[in-house]
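Enquirer: One structure, as structure tokens, below. Some questions next.
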Amino acid sequence: MLPQPASVQWHDGAFTLDGTTTLVADRALAPTAHWLQENLRPATGLPLPVNAPAEHGDRAIVLRQSPDLAQEAYRLAVSPERVLIEAGSRAGAFHACQSLLQLLPPAIHRKARVQARWTLPAVTVEDAPRFAWRGVLLDVARHFMPKQDLLRFVDLMAMHRLNVLHLHLTDDQGWRLEIARYPRLTETGSWRRESQLGAGADAPGNDRPHGGYYTQDDIREIVGYAEARHITVVPEIDLPGHSQAAIAAYPHLGVHGNDLPVHTRWGVNPNICNTEDSTLDFFRDVLDEVVDLFPGRFIGVGGDECPKDQWRVDPRTQELMRQRQLADENELQAWFVGRLGAHLAARGRRVLAWDDVLEGAVPDGAVIASWRGMTGARTAARRGHDVVSCPDDQVYLDYRQSELPEEPIPFAVPLTLEDAYRFDPVPDGLTGDEARHILGGQANIWTEHMDSPRTVDYFAFPRLCAVAEALWSGAQRDFEAFRVRLAEHLPRLEALGVEYRRESGPLPWQRRPGVAGKPATRDDWAAFIDGQVAGIKS
């Protein structure tokens, strides 16, 4: 099974699904029972009615809450007579249902009837997650993912017990969220005239427009769909850097007020927002609509990779710094992000920001996403901030997967399946109290070089399977045992149509011949990251 449960005990016998099988749940777990019914019916062709507890007899799959279990914990007991799922909450029952599906043949994931004997081996499974935050960042700003493909990705997350979708909605290359008060954010900011083809500084453009955005009704649907699968969607509006799409729509947001296009190149961009009070008011209005659309506790505000050259040479920015009694541009960024954080706090939300913000004052209650190795996680935890670990050299799934020259647009260091499996969100050197600030971790899927959902499949899977187990299961790891279980799991992905990377390397149509990447050695990359985090080491 995958992720690996805490305890599995196999018994003799099996439970067979047939025309007499029913699903039984009280009112609290009835939605979970209906979800299981919807996922069992297509391939089995069985009716599997959902009944109340008083109405069931033998041959039932019973779901019930158990007060002795933690929120996401469950027990799954399969005997020849019945299946019993006990859980601490709907989320725990849902996880148990995912485990139940994995006990069936992979064809259970087919969307039409399959002639098969649908038996569950007799077993007792007891399980609970190690971390509360088990996430994935999906960048839909660089390359837009249509709604139906995003919903499919949510289902794949749920299958692997991942429960946070960090949705990177805005960047230099596109603004993907409808904001009613500022329609040009999507009218202008949601598309660009072309995209950079390859990773090098001299890479050509592809002469192909790219765009798309989610309406507010789309977002409500996505959030509701994810919530039904016990996944929280955390939106990110990246500020004050990574903002050229917004500046293209509303030039007064930029430092110089010049007309700019939506950016067509990858990498860090010098065009950033100004820090006028009117610009803060603009983004407060944006965040108000974001808060109304996303009910979760956390709202991402970026704070990363904000080059301050324009601020340094701009007389108006320097005047504002003097008026605000700010010593330097790092303090100015902290002031800007802090004002947004205070606004979100007044709306009952907490800021999620990248570890770059540790270079200045951090907004009260902020959660730090530590991406430049584990330095940010260690520093933030020692300073008393909650942390989501997502170190680039372990869980950035846009990084190349091997040293093979056939890897498509090979970028950065090789990040293998085993590297992803070895990920531990808790950095070395923390005390017990400090370690409690580590909420969990997430994999990050940046899509500069992923121009279709098929390509996202290739980069994400099966490495995301490994990250999911690292976040769910205990700290003890056995990669060879994981490989055995993964081999049993891959047919499930195949049944779902996931175009994952084979262990032998990319298939011919998954390669990008002639498109240059930007690979690096581990030593060179470590030196680069060390330079990046020099200002936040504790």
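Labels for the structure tokens follow display order: chains A, B, ..., residues from 1 in each chain, ligands from 1.
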Could I get the residues of segment 497-527 of chain A with an atom no further than 8 Å from an atom of segment 391-406 of chain A, each paired with its nearest atom pair and that distance in Å to one decimal, using only C-alpha atoms, sorted by chain and residue number, as a Markdown table?
Expert:
| residue | atom | partner | partner_atom | distance |
| --- | --- | --- | --- | --- |
| A:Gly505 | CA | A:Leu404 | CA | 7.5 |
| A:Pro506 | CA | A:Glu406 | CA | 6.9 |
| A:Arg511 | CA | A:Glu406 | CA | 6.1 |
| A:Arg512 | CA | A:Glu406 | CA | 7.8 |
| A:Pro513 | CA | A:Glu406 | CA | 7.6 |
| A:Pro519 | CA | A:Arg400 | CA | 7.9 |
Enquirer: Write the selection just made, keeping C-alpha atoms, as an mmCIF file, in the first residue's frame?
Expert:
data_model
loop_
_atom_site.group_PDB
_atom_site.id
_atom_site.type_symbol
_atom_site.label_atom_id
_atom_site.label_comp_id
_atom_site.auth_asym_id
_atom_site.auth_seq_id
_atom_site.Cartn_x
_atom_site.Cartn_y
_atom_site.Cartn_z
ATOM 1 C CA GLY A 505 13.891 7.238 -18.412
ATOM 2 C CA PRO A 506 11.577 9.308 -20.602
ATOM 3 C CA ARG A 511 11.658 14.092 -24.535
ATOM 4 C CA ARG A 512 12.316 17.584 -25.888
ATOM 5 C CA PRO A 513 15.178 17.160 -28.366
ATOM 6 C CA PRO A 519 21.768 21.651 -15.616
#
Enquirer: With only C-alpha atoms as the counted atoms, please give the residues lying no more than 12 Å from segment 111-118 of chain A, apart from itself and same-chain residues fewer than 4 positions off, as a ChimeraX atom specification.
Expert: /A:14-19,21,38-46,100-107,495-497
Enquirer: Using only C-alpha atoms, can you tell me which of A:Ile222, A:Cys465, A:Ala369, A:Leu138 comes closest to Ala487 of chain A?
Expert: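 Under the stated criterion, the closest residue is A:Cys465.
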Enquirer: Could you name the residues that touch segment 279-287 of chain A at 8 Å or less, counting only C-alpha atoms, but leaving out those on the same chain fewer than 5 positions away, as JSON, numbers by chain?
Expert: {"A": [179, 181, 253, 273, 274, 336, 339, 340, 343, 344]}
Enquirer: Give me the residues within 7 Å of segment 499-502 of chain A as a PyMOL selection string, counting only C-alpha atoms and dropping any in the same chain fewer than 6 places off.
Expert: chain A and resi 454+457-458+461-462
Enquirer: Calculate how many Å separate atom CA of Gly429 of chain A from atom CA of Arg372 of chain A, rounding to one decimal.
Expert: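 Straight-line distance from atom CA of Gly429 of chain A to atom CA of Arg372 of chain A works out to 17.1 Å.
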Enquirer: Could you give me, as a list in words, the residues within 10 Å of Gln310 of chain A, counting only C-alpha atoms and dropping anything in the same chain fewer than 3 positions from it?
Expert: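 Near neighbours after the sequence-gap exclusion: Gly254, Val255, His256, Pro270, Asn271, Ile272, Cys273, Asn274, Pro307, Val313, Asp314, Pro315 and Thr317 of chain A.
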Enquirer: Show me, as a PyMOL selection string, the residues that have an atom within 12 Å of Ala201 of chain A when counting only C-alpha atoms, minus same-chain residues fewer than 3 positions from it.
Expert: chain A and resi 196-198+204-205+265-268+516-518
Enquirer: Go ahead and write the selection's residues with N, CA, C and O atoms as a compact mmCIF listing (two decimals), in the first residue's frame.
Expert:
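Saved result, out.txt, follows:
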# COMPACT_ATOMS: atom_id res chain seq x y z
N GLN A 196 9.19 31.63 -23.46
CA GLN A 196 10.58 31.22 -23.64
C GLN A 196 10.64 29.71 -23.83
O GLN A 196 10.01 28.94 -23.10
N LEU A 197 11.40 29.26 -24.81
CA LEU A 197 11.52 27.84 -25.12
C LEU A 197 12.90 27.36 -24.71
O LEU A 197 13.88 27.52 -25.43
N GLY A 198 13.01 26.79 -23.51
CA GLY A 198 14.28 26.37 -22.97
C GLY A 198 14.65 27.17 -21.75
O GLY A 198 13.96 28.12 -21.37
N PRO A 204 15.27 30.97 -27.32
CA PRO A 204 14.34 31.72 -28.16
C PRO A 204 12.92 31.69 -27.59
O PRO A 204 12.60 30.90 -26.67
N GLY A 205 12.06 32.54 -28.14
CA GLY A 205 10.64 32.44 -27.86
C GLY A 205 9.99 31.47 -28.83
O GLY A 205 10.55 31.13 -29.87
N ARG A 265 9.68 35.84 -20.49
CA ARG A 265 10.93 35.16 -20.16
C ARG A 265 10.84 34.55 -18.77
O ARG A 265 10.08 35.00 -17.92
N TRP A 266 11.64 33.49 -18.54
CA TRP A 266 11.69 32.88 -17.22
C TRP A 266 12.79 33.54 -16.38
O TRP A 266 13.60 34.30 -16.89
N GLY A 267 12.82 33.22 -15.11
CA GLY A 267 13.86 33.75 -14.24
C GLY A 267 13.40 34.95 -13.44
O GLY A 267 12.25 35.38 -13.51
N VAL A 268 14.32 35.49 -12.65
CA VAL A 268 14.01 36.63 -11.79
C VAL A 268 13.96 37.89 -12.63
O VAL A 268 14.85 38.16 -13.44
N ALA A 516 17.26 23.41 -25.16
CA ALA A 516 18.35 23.42 -24.19
C ALA A 516 17.85 23.64 -22.77
O ALA A 516 16.94 24.44 -22.52
N GLY A 517 18.46 22.94 -21.84
CA GLY A 517 18.18 23.13 -20.43
C GLY A 517 19.27 23.96 -19.77
O GLY A 517 20.03 24.68 -20.42
N LYS A 518 19.35 23.82 -18.45
CA LYS A 518 20.37 24.53 -17.68
C LYS A 518 20.75 23.67 -16.47
O LYS A 518 20.43 24.00 -15.33
Enquirer: Just to confirm, what's the straight-line distance from atom CA of Thr170 of chain A to atom CA of Val413 of chain A in Å (one decimal)?
Expert: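 Separating atom CA of Thr170 of chain A from atom CA of Val413 of chain A is a distance of 25.8 Å.
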Enquirer: Running DSSP on the backbone, which parts of segment 87-178 of chain A land in helix (DSSP H, G or I), as a VMD selection string?
Expert: chain A and resid 90 to 103 106 to 109 147 to 159
Enquirer: Extract, using only C-alpha atoms, all DNA, RNA and protein residues at most 12 Å from Asp12 of chain A, discarding same-chain residues fewer than 4 positions from it, and format them as a CSV table (one decimal) with N, CA, C and O atoms, in the first residue's frame.
Expert:
chain,number,residue,atom,x,y,z
A,78,VAL,N,-10.9,-5.8,7.4
A,78,VAL,CA,-11.6,-6.6,6.4
A,78,VAL,C,-11.7,-8.0,6.9
A,78,VAL,O,-10.6,-8.6,7.2
A,79,SER,N,-12.9,-8.6,6.9
A,79,SER,CA,-13.1,-10.0,7.2
A,79,SER,C,-13.9,-10.6,6.1
A,79,SER,O,-14.5,-9.8,5.3
A,80,PRO,N,-14.1,-11.9,6.0
A,80,PRO,CA,-14.9,-12.4,5.0
A,80,PRO,C,-16.4,-12.0,5.1
A,80,PRO,O,-17.1,-12.1,4.2
A,120,LEU,N,-11.5,-8.2,-1.5
A,120,LEU,CA,-10.6,-7.5,-0.6
A,120,LEU,C,-10.0,-8.6,0.3
A,120,LEU,O,-10.7,-9.3,1.0
A,121,PRO,N,-8.7,-8.6,0.3
A,121,PRO,CA,-8.0,-9.6,1.3
A,121,PRO,C,-8.3,-9.2,2.7
A,121,PRO,O,-8.4,-8.0,3.1
A,122,ALA,N,-8.5,-10.2,3.5
A,122,ALA,CA,-8.7,-10.0,5.0
A,122,ALA,C,-7.5,-9.3,5.6
A,122,ALA,O,-6.4,-9.8,5.5
A,123,VAL,N,-7.7,-8.2,6.3
A,123,VAL,CA,-6.6,-7.4,6.8
A,123,VAL,C,-7.1,-6.5,7.8
A,123,VAL,O,-8.3,-6.1,7.8
A,124,THR,N,-6.2,-6.1,8.7
A,124,THR,CA,-6.5,-5.0,9.6
A,124,THR,C,-5.4,-3.9,9.5
A,124,THR,O,-4.2,-4.2,9.5
Enquirer: Ranking A:Glu276, A:Asp356, A:Asp292, A:Asp26 by minimum distance to Trp311 of chain A and counting only C-alpha atoms, which one comes first?
Expert: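 Going through A:Glu276, A:Asp356, A:Asp292, A:Asp26 one by one, the smallest distance to Trp311 of chain A is for A:Glu276.
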